Amino acid sequence: MYAIILGCSTTGLNLAKELLEQGHEITILEKDRTRSDQANDLLGQISIVGDGCQQQVLKSIGLNRADVFIALSGTDEDNLISCQLAKHVFSVPKTIALINNPNNEELFRILGVDVRISSTSLILQHIEEELSASVVHMQALGSSARELVSITIPPDASAVGKRIADLNMPAESLISLIVTKGGNTRFPDEIFELQPNDQALVVTTPEKELEVRRVFTGVD
Amino acid sequence: MRALIVGCGWIGRWLSHELMDKGTNVTIIDNDPENLRRLSSGSGDSKIADACILGDGTLREDLERAGIMQADVLISTLNRDASNLFTAQLAREVFGVDQVICITRGDPVPDVYHSKGIEVFNITRLVGQSLAASIKEL
């Protein structure tokens, strides 16, 4: 696989190192010569100095044959525009972007960057998950606002012993699969009764997430 | 008619004077106070000073402060193509501004921006074309 990474941050460098060790071909594009030189000292001739928003630069590093483009620069506009060029000019199959400013998450989602990584949101989610210990984000679904979450039913939850049909699920939310405590998977039919420590995989939206949690755990 | 101009360089300044002369309600945002001062100095018009907002035109919150919700047209004239394309997409996709115009200087941009309803003006290309047209021997 040929991967191009935009931005020689610590994350960019470590990712490049991992991918190199797995036997992949890597180029790191970096605006700053000093940082680019550091990467070359550490990992061999791997980094090119250049602006990732310029098509000639992207062309010169062979973006048209890349399998994945990963934009990890500290500037959201560079991450977005370079991903768009990768996708629409060079037909790169997969684009991944870091979102530095959480206010830009909506824009990146609308514009269809394949995978979006928001460090602020990730940390927030972890904190929320620690606090609530119930809703775990599995995956954002395509470019829609929907997401897949996992909820483990606490032993004292109001949903224990209830049938799926009797749960008052909010709009735009669907229980897609139950992983039982014993490790079996069940498609949820209406008469299935939830047991303590069952795990429900639910498709929902960020807005409805709290309601979904209340339905399964009884906790606000 | 309300116009929001992002970037108070030469283009932003020329454009804001033109639009104000036509009676358009103009707001202009730039993150460099010196650029905004260049617009208002030499003109005794207090309207111009009121139109200036100090802020970063690639940030959602600063665009909101500059009244993007009320704007009928946004023209992005920053000095980097990537910044203009970013701001134009924020205006169009997040704020739903009716008409969005974006200045570029470098490579032709992919059709994707046009298909989102963003009008892209490559000013270096336009200048090149009009220079060629004005050379008599051609």
# chains A, B, ... in the order shown; residues from 1 in each chain; ligands from 1

$ residues_around --residues "stretch 92-102 of chain A" --least-positions-apart "6" --cutoff "12 Å" --atoms "only C-alpha atoms" --output "compact mmCIF listing (two decimals) with N, CA and C atoms, in the first residue's frame"
# COMPACT_ATOMS: atom_id res chain seq x y z
N MET A 1 0.85 -1.19 0.00
CA MET A 1 0.00 0.00 0.00
C MET A 1 0.88 1.24 0.00
N TYR A 2 0.43 2.26 -0.76
CA TYR A 2 1.14 3.53 -0.75
C TYR A 2 0.30 4.56 0.01
N ALA A 3 0.85 5.08 1.11
CA ALA A 3 0.12 6.07 1.93
C ALA A 3 0.88 7.38 1.92
N ILE A 4 0.15 8.48 1.76
CA ILE A 4 0.76 9.80 1.86
C ILE A 4 0.21 10.49 3.10
N ILE A 5 1.13 11.01 3.91
CA ILE A 5 0.75 11.68 5.15
C ILE A 5 1.07 13.16 5.00
N LEU A 6 0.10 14.01 5.31
CA LEU A 6 0.35 15.45 5.30
C LEU A 6 0.63 15.91 6.73
N GLY A 7 1.82 16.47 6.95
CA GLY A 7 2.13 17.02 8.27
C GLY A 7 3.03 16.12 9.08
N SER A 9 3.87 16.02 12.20
CA SER A 9 3.69 16.13 13.65
C SER A 9 4.22 14.86 14.30
N THR A 11 2.42 12.74 15.76
CA THR A 11 1.47 11.71 15.31
C THR A 11 1.83 11.24 13.90
N GLY A 12 2.11 12.21 13.01
CA GLY A 12 2.45 11.87 11.64
C GLY A 12 3.68 10.98 11.57
N LEU A 58 1.30 17.75 -5.08
CA LEU A 58 0.65 16.46 -4.85
C LEU A 58 0.94 15.50 -6.01
N LYS A 59 0.97 16.07 -7.22
CA LYS A 59 1.25 15.26 -8.40
C LYS A 59 2.68 14.72 -8.35
N GLY A 62 3.28 11.59 -6.52
CA GLY A 62 2.54 10.41 -6.99
C GLY A 62 1.23 10.15 -6.27
N LEU A 63 0.51 11.22 -5.98
CA LEU A 63 -0.76 11.04 -5.27
C LEU A 63 -1.75 10.21 -6.09
N ASN A 64 -1.62 10.26 -7.42
CA ASN A 64 -2.56 9.52 -8.26
C ASN A 64 -2.45 8.01 -8.10
N ARG A 65 -1.33 7.54 -7.52
CA ARG A 65 -1.25 6.08 -7.30
C ARG A 65 -1.33 5.73 -5.80
N ALA A 66 -1.67 6.73 -4.98
CA ALA A 66 -1.76 6.47 -3.53
C ALA A 66 -3.04 5.71 -3.21
N ASP A 67 -2.98 4.84 -2.20
CA ASP A 67 -4.17 4.11 -1.76
C ASP A 67 -4.90 4.87 -0.66
N VAL A 68 -4.14 5.68 0.07
CA VAL A 68 -4.78 6.43 1.16
C VAL A 68 -4.03 7.74 1.37
N PHE A 69 -4.80 8.81 1.65
CA PHE A 69 -4.21 10.12 1.95
C PHE A 69 -4.65 10.50 3.35
N ILE A 70 -3.67 10.81 4.22
CA ILE A 70 -3.96 11.07 5.63
C ILE A 70 -3.49 12.48 5.99
N ALA A 71 -4.44 13.40 6.20
CA ALA A 71 -4.10 14.81 6.45
C ALA A 71 -4.06 15.06 7.95
N LEU A 72 -2.85 15.27 8.48
CA LEU A 72 -2.68 15.42 9.93
C LEU A 72 -2.07 16.77 10.28
N SER A 73 -2.17 17.76 9.40
CA SER A 73 -1.54 19.04 9.70
C SER A 73 -2.32 19.76 10.80
N GLY A 74 -1.72 20.80 11.35
CA GLY A 74 -2.36 21.55 12.44
C GLY A 74 -3.37 22.58 11.94
N THR A 75 -3.57 22.63 10.61
CA THR A 75 -4.48 23.63 10.05
C THR A 75 -5.64 22.93 9.36
N ASP A 76 -6.85 23.22 9.80
CA ASP A 76 -8.02 22.53 9.26
C ASP A 76 -8.22 22.80 7.78
N GLU A 77 -7.95 24.06 7.35
CA GLU A 77 -8.20 24.34 5.93
C GLU A 77 -7.27 23.51 5.05
N ASP A 78 -6.02 23.33 5.47
CA ASP A 78 -5.09 22.49 4.70
C ASP A 78 -5.59 21.04 4.68
N ASN A 79 -6.05 20.56 5.83
CA ASN A 79 -6.51 19.17 5.90
C ASN A 79 -7.72 18.94 5.00
N LEU A 80 -8.65 19.89 5.00
CA LEU A 80 -9.86 19.72 4.19
C LEU A 80 -9.56 19.85 2.70
N ILE A 81 -8.88 20.93 2.32
CA ILE A 81 -8.68 21.19 0.89
C ILE A 81 -7.77 20.11 0.28
N SER A 82 -6.73 19.69 1.01
CA SER A 82 -5.85 18.65 0.45
C SER A 82 -6.61 17.33 0.29
N CYS A 83 -7.51 17.02 1.24
CA CYS A 83 -8.32 15.80 1.10
C CYS A 83 -9.25 15.91 -0.11
N GLN A 84 -9.81 17.08 -0.33
CA GLN A 84 -10.70 17.26 -1.47
C GLN A 84 -9.94 17.12 -2.79
N LEU A 85 -8.71 17.68 -2.83
CA LEU A 85 -7.90 17.53 -4.04
C LEU A 85 -7.55 16.06 -4.25
N ALA A 86 -7.18 15.37 -3.16
CA ALA A 86 -6.83 13.95 -3.24
C ALA A 86 -8.00 13.16 -3.83
N PHE A 108 -16.61 19.11 7.76
CA PHE A 108 -15.89 17.93 7.27
C PHE A 108 -16.86 16.78 7.01
N ARG A 109 -17.88 16.67 7.85
CA ARG A 109 -18.84 15.57 7.68
C ARG A 109 -19.65 15.80 6.40
N LEU A 111 -18.87 17.45 3.84
CA LEU A 111 -18.07 17.42 2.62
C LEU A 111 -17.50 16.04 2.31
N GLY A 112 -17.84 15.07 3.13
CA GLY A 112 -17.56 13.68 2.75
C GLY A 112 -16.11 13.25 2.83
N VAL A 113 -15.32 13.83 3.74
CA VAL A 113 -14.00 13.25 4.01
C VAL A 113 -14.29 11.86 4.61
N ASP A 114 -13.63 10.82 4.07
CA ASP A 114 -14.03 9.44 4.41
C ASP A 114 -13.96 9.16 5.91
N VAL A 115 -12.82 9.50 6.52
CA VAL A 115 -12.68 9.25 7.96
C VAL A 115 -12.26 10.55 8.62
N ARG A 116 -12.96 10.94 9.66
CA ARG A 116 -12.65 12.19 10.33
C ARG A 116 -12.22 11.90 11.77
N ILE A 117 -11.09 12.48 12.14
CA ILE A 117 -10.58 12.26 13.49
C ILE A 117 -10.53 13.60 14.19
N SER A 118 -11.33 13.75 15.23
CA SER A 118 -11.32 15.00 15.97
C SER A 118 -10.77 14.72 17.35
N SER A 119 -9.56 15.24 17.62
CA SER A 119 -8.92 14.90 18.89
C SER A 119 -9.74 15.41 20.06
N THR A 120 -10.31 16.60 19.92
CA THR A 120 -11.12 17.14 21.01
C THR A 120 -12.32 16.23 21.29
N SER A 121 -13.01 15.84 20.21
CA SER A 121 -14.18 14.97 20.41
C SER A 121 -13.80 13.62 21.00
N LEU A 122 -12.66 13.09 20.55
CA LEU A 122 -12.24 11.78 21.06
C LEU A 122 -12.03 11.84 22.57
N ILE A 123 -11.35 12.90 23.01
CA ILE A 123 -11.08 13.03 24.45
C ILE A 123 -12.38 13.25 25.20
N LEU A 124 -13.24 14.10 24.64
CA LEU A 124 -14.55 14.34 25.27
C LEU A 124 -15.35 13.06 25.40
N THR B 58 -11.79 32.36 8.36
CA THR B 58 -11.91 30.91 8.21
C THR B 58 -12.53 30.28 9.46
N LEU B 59 -12.89 31.12 10.43
CA LEU B 59 -13.48 30.60 11.67
C LEU B 59 -14.99 30.86 11.69
N ARG B 60 -15.72 29.82 12.00
CA ARG B 60 -17.17 29.90 12.07
C ARG B 60 -17.66 31.01 12.99
N GLU B 61 -17.08 31.07 14.19
CA GLU B 61 -17.59 32.03 15.17
C GLU B 61 -17.33 33.46 14.74

$ select_by_dssp --residues "stretch 106-197 of chain A" --states "alpha helix (DSSP H)" --output "PyMOL selection string"
chain A and resi 106-110+119-132

$ closest_residue --among "A:Asp198, A:Glu190, A:Glu105, A:Glu209" --to "B:Leu90" --atoms "only C-alpha atoms"
A:Glu105

$ atom_distance --atom1 "atom CA of A:His88" --atom2 "atom CA of B:Lys116"
13.3 Å

$ residues_around --residues "B:Ala88" --least-positions-apart "3" --cutoff "9 Å" --atoms "only C-alpha atoms" --output "PDB file with N, CA and C atoms, in the first residue's frame"
ATOM      1  N   THR B  58     -11.789  32.359   8.362  1.00  0.00           N
ATOM      2  CA  THR B  58     -11.912  30.906   8.206  1.00  0.00           C
ATOM      3  C   THR B  58     -12.532  30.283   9.462  1.00  0.00           C
ATOM      4  N   LEU B  74     -21.427  36.271  -0.145  1.00  0.00           N
ATOM      5  CA  LEU B  74     -20.119  36.288   0.503  1.00  0.00           C
ATOM      6  C   LEU B  74     -19.058  36.190  -0.583  1.00  0.00           C
ATOM      7  N   ILE B  75     -18.041  37.053  -0.473  1.00  0.00           N
ATOM      8  CA  ILE B  75     -16.942  37.016  -1.437  1.00  0.00           C
ATOM      9  C   ILE B  75     -15.668  36.788  -0.648  1.00  0.00           C
ATOM     10  N   SER B  76     -14.988  35.685  -0.927  1.00  0.00           N
ATOM     11  CA  SER B  76     -13.781  35.364  -0.179  1.00  0.00           C
ATOM     12  C   SER B  76     -12.551  35.781  -0.990  1.00  0.00           C
ATOM     13  N   SER B  83      -7.512  28.814   1.794  1.00  0.00           N
ATOM     14  CA  SER B  83      -8.331  29.569   2.756  1.00  0.00           C
ATOM     15  C   SER B  83      -9.640  29.985   2.114  1.00  0.00           C
ATOM     16  N   ASN B  84      -9.586  30.466   0.878  1.00  0.00           N
ATOM     17  CA  ASN B  84     -10.805  30.912   0.197  1.00  0.00           C
ATOM     18  C   ASN B  84     -11.755  29.750  -0.057  1.00  0.00           C
ATOM     19  N   LEU B  85     -11.208  28.614  -0.466  1.00  0.00           N
ATOM     20  CA  LEU B  85     -12.066  27.453  -0.725  1.00  0.00           C
ATOM     21  C   LEU B  85     -12.700  26.958   0.575  1.00  0.00           C
ATOM     22  N   ALA B  91     -19.425  28.937   4.149  1.00  0.00           N
ATOM     23  CA  ALA B  91     -20.534  29.847   3.849  1.00  0.00           C
ATOM     24  C   ALA B  91     -21.668  29.098   3.164  1.00  0.00           C
ATOM     25  N   ARG B  92     -21.314  28.263   2.211  1.00  0.00           N
ATOM     26  CA  ARG B  92     -22.321  27.599   1.394  1.00  0.00           C
ATOM     27  C   ARG B  92     -22.956  26.420   2.133  1.00  0.00           C
ATOM     28  N   GLU B  93     -22.118  25.568   2.705  1.00  0.00           N
ATOM     29  CA  GLU B  93     -22.613  24.291   3.232  1.00  0.00           C
ATOM     30  C   GLU B  93     -23.123  24.398   4.668  1.00  0.00           C
ATOM     31  N   VAL B 100     -22.146  32.617  -3.240  1.00  0.00           N
ATOM     32  CA  VAL B 100     -20.799  32.539  -2.666  1.00  0.00           C
ATOM     33  C   VAL B 100     -19.773  32.614  -3.798  1.00  0.00           C
ATOM     34  N   ILE B 101     -18.885  33.598  -3.673  1.00  0.00           N
ATOM     35  CA  ILE B 101     -17.864  33.805  -4.701  1.00  0.00           C
ATOM     36  C   ILE B 101     -16.490  33.630  -4.066  1.00  0.00           C
ATOM     37  N   CYS B 102     -15.629  32.937  -4.772  1.00  0.00           N
ATOM     38  CA  CYS B 102     -14.338  32.570  -4.207  1.00  0.00           C
ATOM     39  C   CYS B 102     -13.228  32.934  -5.191  1.00  0.00           C
ATOM     40  N   TYR B 113     -16.370  22.160  -6.444  1.00  0.00           N
ATOM     41  CA  TYR B 113     -16.784  23.425  -5.804  1.00  0.00           C
ATOM     42  C   TYR B 113     -17.915  24.070  -6.598  1.00  0.00           C
ATOM     43  N   ILE B 118     -20.632  27.179  -5.729  1.00  0.00           N
ATOM     44  CA  ILE B 118     -19.630  28.206  -5.428  1.00  0.00           C
ATOM     45  C   ILE B 118     -19.068  28.731  -6.759  1.00  0.00           C
TER      46      ILE B 118
END

$ closest_residue --among "B:Trp10, B:Lys22, B:Asn31, B:Pro110" --to "A:Ser91" --atoms "only C-alpha atoms"
B:Pro110

$ residues_around --residues "A:Glu172" --least-positions-apart "3" --cutoff "9 Å" --atoms "only C-alpha atoms" --output "list in words"
Arg146, Met169, Val203, Thr204, Thr205 and Lys208 of chain A

$ write_last_selection --atoms "N, CA and C atoms" --output "compact mmCIF listing (two decimals), in the first residue's frame"
# COMPACT_ATOMS: atom_id res chain seq x y z
N ARG A 146 -25.75 9.85 11.36
CA ARG A 146 -26.00 8.68 12.19
C ARG A 146 -24.70 8.05 12.68
N MET A 169 -38.24 3.56 22.36
CA MET A 169 -37.08 4.08 21.62
C MET A 169 -37.40 5.42 20.97
N VAL A 203 -28.20 2.00 16.28
CA VAL A 203 -27.96 3.10 15.33
C VAL A 203 -28.77 4.29 15.81
N THR A 204 -28.11 5.44 16.00
CA THR A 204 -28.83 6.61 16.48
C THR A 204 -28.14 7.87 15.97
N THR A 205 -28.53 9.03 16.47
CA THR A 205 -27.89 10.29 16.10
C THR A 205 -27.33 10.91 17.39
N LYS A 208 -30.01 12.17 19.71
CA LYS A 208 -30.91 11.23 20.38
C LYS A 208 -30.17 10.32 21.36

$ decode --residues "stretch 105-125 of chain A" --atoms "N, CA and C atoms" --output "short mmCIF file (atom, residue, chain, number, x, y, z; two decimals), in the first residue's frame"
data_model
loop_
_atom_site.label_atom_id
_atom_site.label_comp_id
_atom_site.auth_asym_id
_atom_site.auth_seq_id
_atom_site.Cartn_x
_atom_site.Cartn_y
_atom_site.Cartn_z
N GLU A 105 -16.24 20.22 12.61
CA GLU A 105 -16.65 18.83 12.41
C GLU A 105 -17.80 18.71 11.43
N GLU A 106 -18.78 19.62 11.56
CA GLU A 106 -19.95 19.56 10.70
C GLU A 106 -19.53 19.72 9.23
N LEU A 107 -18.67 20.69 8.97
CA LEU A 107 -18.22 20.94 7.59
C LEU A 107 -17.53 19.71 7.01
N PHE A 108 -16.61 19.11 7.76
CA PHE A 108 -15.89 17.93 7.27
C PHE A 108 -16.86 16.78 7.01
N ARG A 109 -17.88 16.67 7.85
CA ARG A 109 -18.84 15.57 7.68
C ARG A 109 -19.65 15.80 6.40
N ILE A 110 -20.17 17.04 6.23
CA ILE A 110 -20.97 17.34 5.04
C ILE A 110 -20.15 17.10 3.78
N LEU A 111 -18.87 17.45 3.84
CA LEU A 111 -18.07 17.42 2.62
C LEU A 111 -17.50 16.04 2.31
N GLY A 112 -17.84 15.07 3.13
CA GLY A 112 -17.56 13.68 2.75
C GLY A 112 -16.11 13.25 2.83
N VAL A 113 -15.32 13.83 3.74
CA VAL A 113 -14.00 13.25 4.01
C VAL A 113 -14.29 11.86 4.61
N ASP A 114 -13.63 10.82 4.07
CA ASP A 114 -14.03 9.44 4.41
C ASP A 114 -13.96 9.16 5.91
N VAL A 115 -12.82 9.50 6.52
CA VAL A 115 -12.68 9.25 7.96
C VAL A 115 -12.26 10.55 8.62
N ARG A 116 -12.96 10.94 9.66
CA ARG A 116 -12.65 12.19 10.33
C ARG A 116 -12.22 11.90 11.77
N ILE A 117 -11.09 12.48 12.14
CA ILE A 117 -10.58 12.26 13.49
C ILE A 117 -10.53 13.60 14.19
N SER A 118 -11.33 13.75 15.23
CA SER A 118 -11.32 15.00 15.97
C SER A 118 -10.77 14.72 17.35
N SER A 119 -9.56 15.24 17.62
CA SER A 119 -8.92 14.90 18.89
C SER A 119 -9.74 15.41 20.06
N THR A 120 -10.31 16.60 19.92
CA THR A 120 -11.12 17.14 21.01
C THR A 120 -12.32 16.23 21.29
N SER A 121 -13.01 15.84 20.21
CA SER A 121 -14.18 14.97 20.41
C SER A 121 -13.80 13.62 21.00
N LEU A 122 -12.66 13.09 20.55
CA LEU A 122 -12.24 11.78 21.06
C LEU A 122 -12.03 11.84 22.57
N ILE A 123 -11.35 12.90 23.01
CA ILE A 123 -11.08 13.03 24.45
C ILE A 123 -12.38 13.25 25.20
N LEU A 124 -13.24 14.10 24.64
CA LEU A 124 -14.55 14.34 25.27
C LEU A 124 -15.35 13.06 25.40
N GLN A 125 -15.36 12.27 24.30
CA GLN A 125 -16.11 11.01 24.33
C GLN A 125 -15.60 10.09 25.42
#
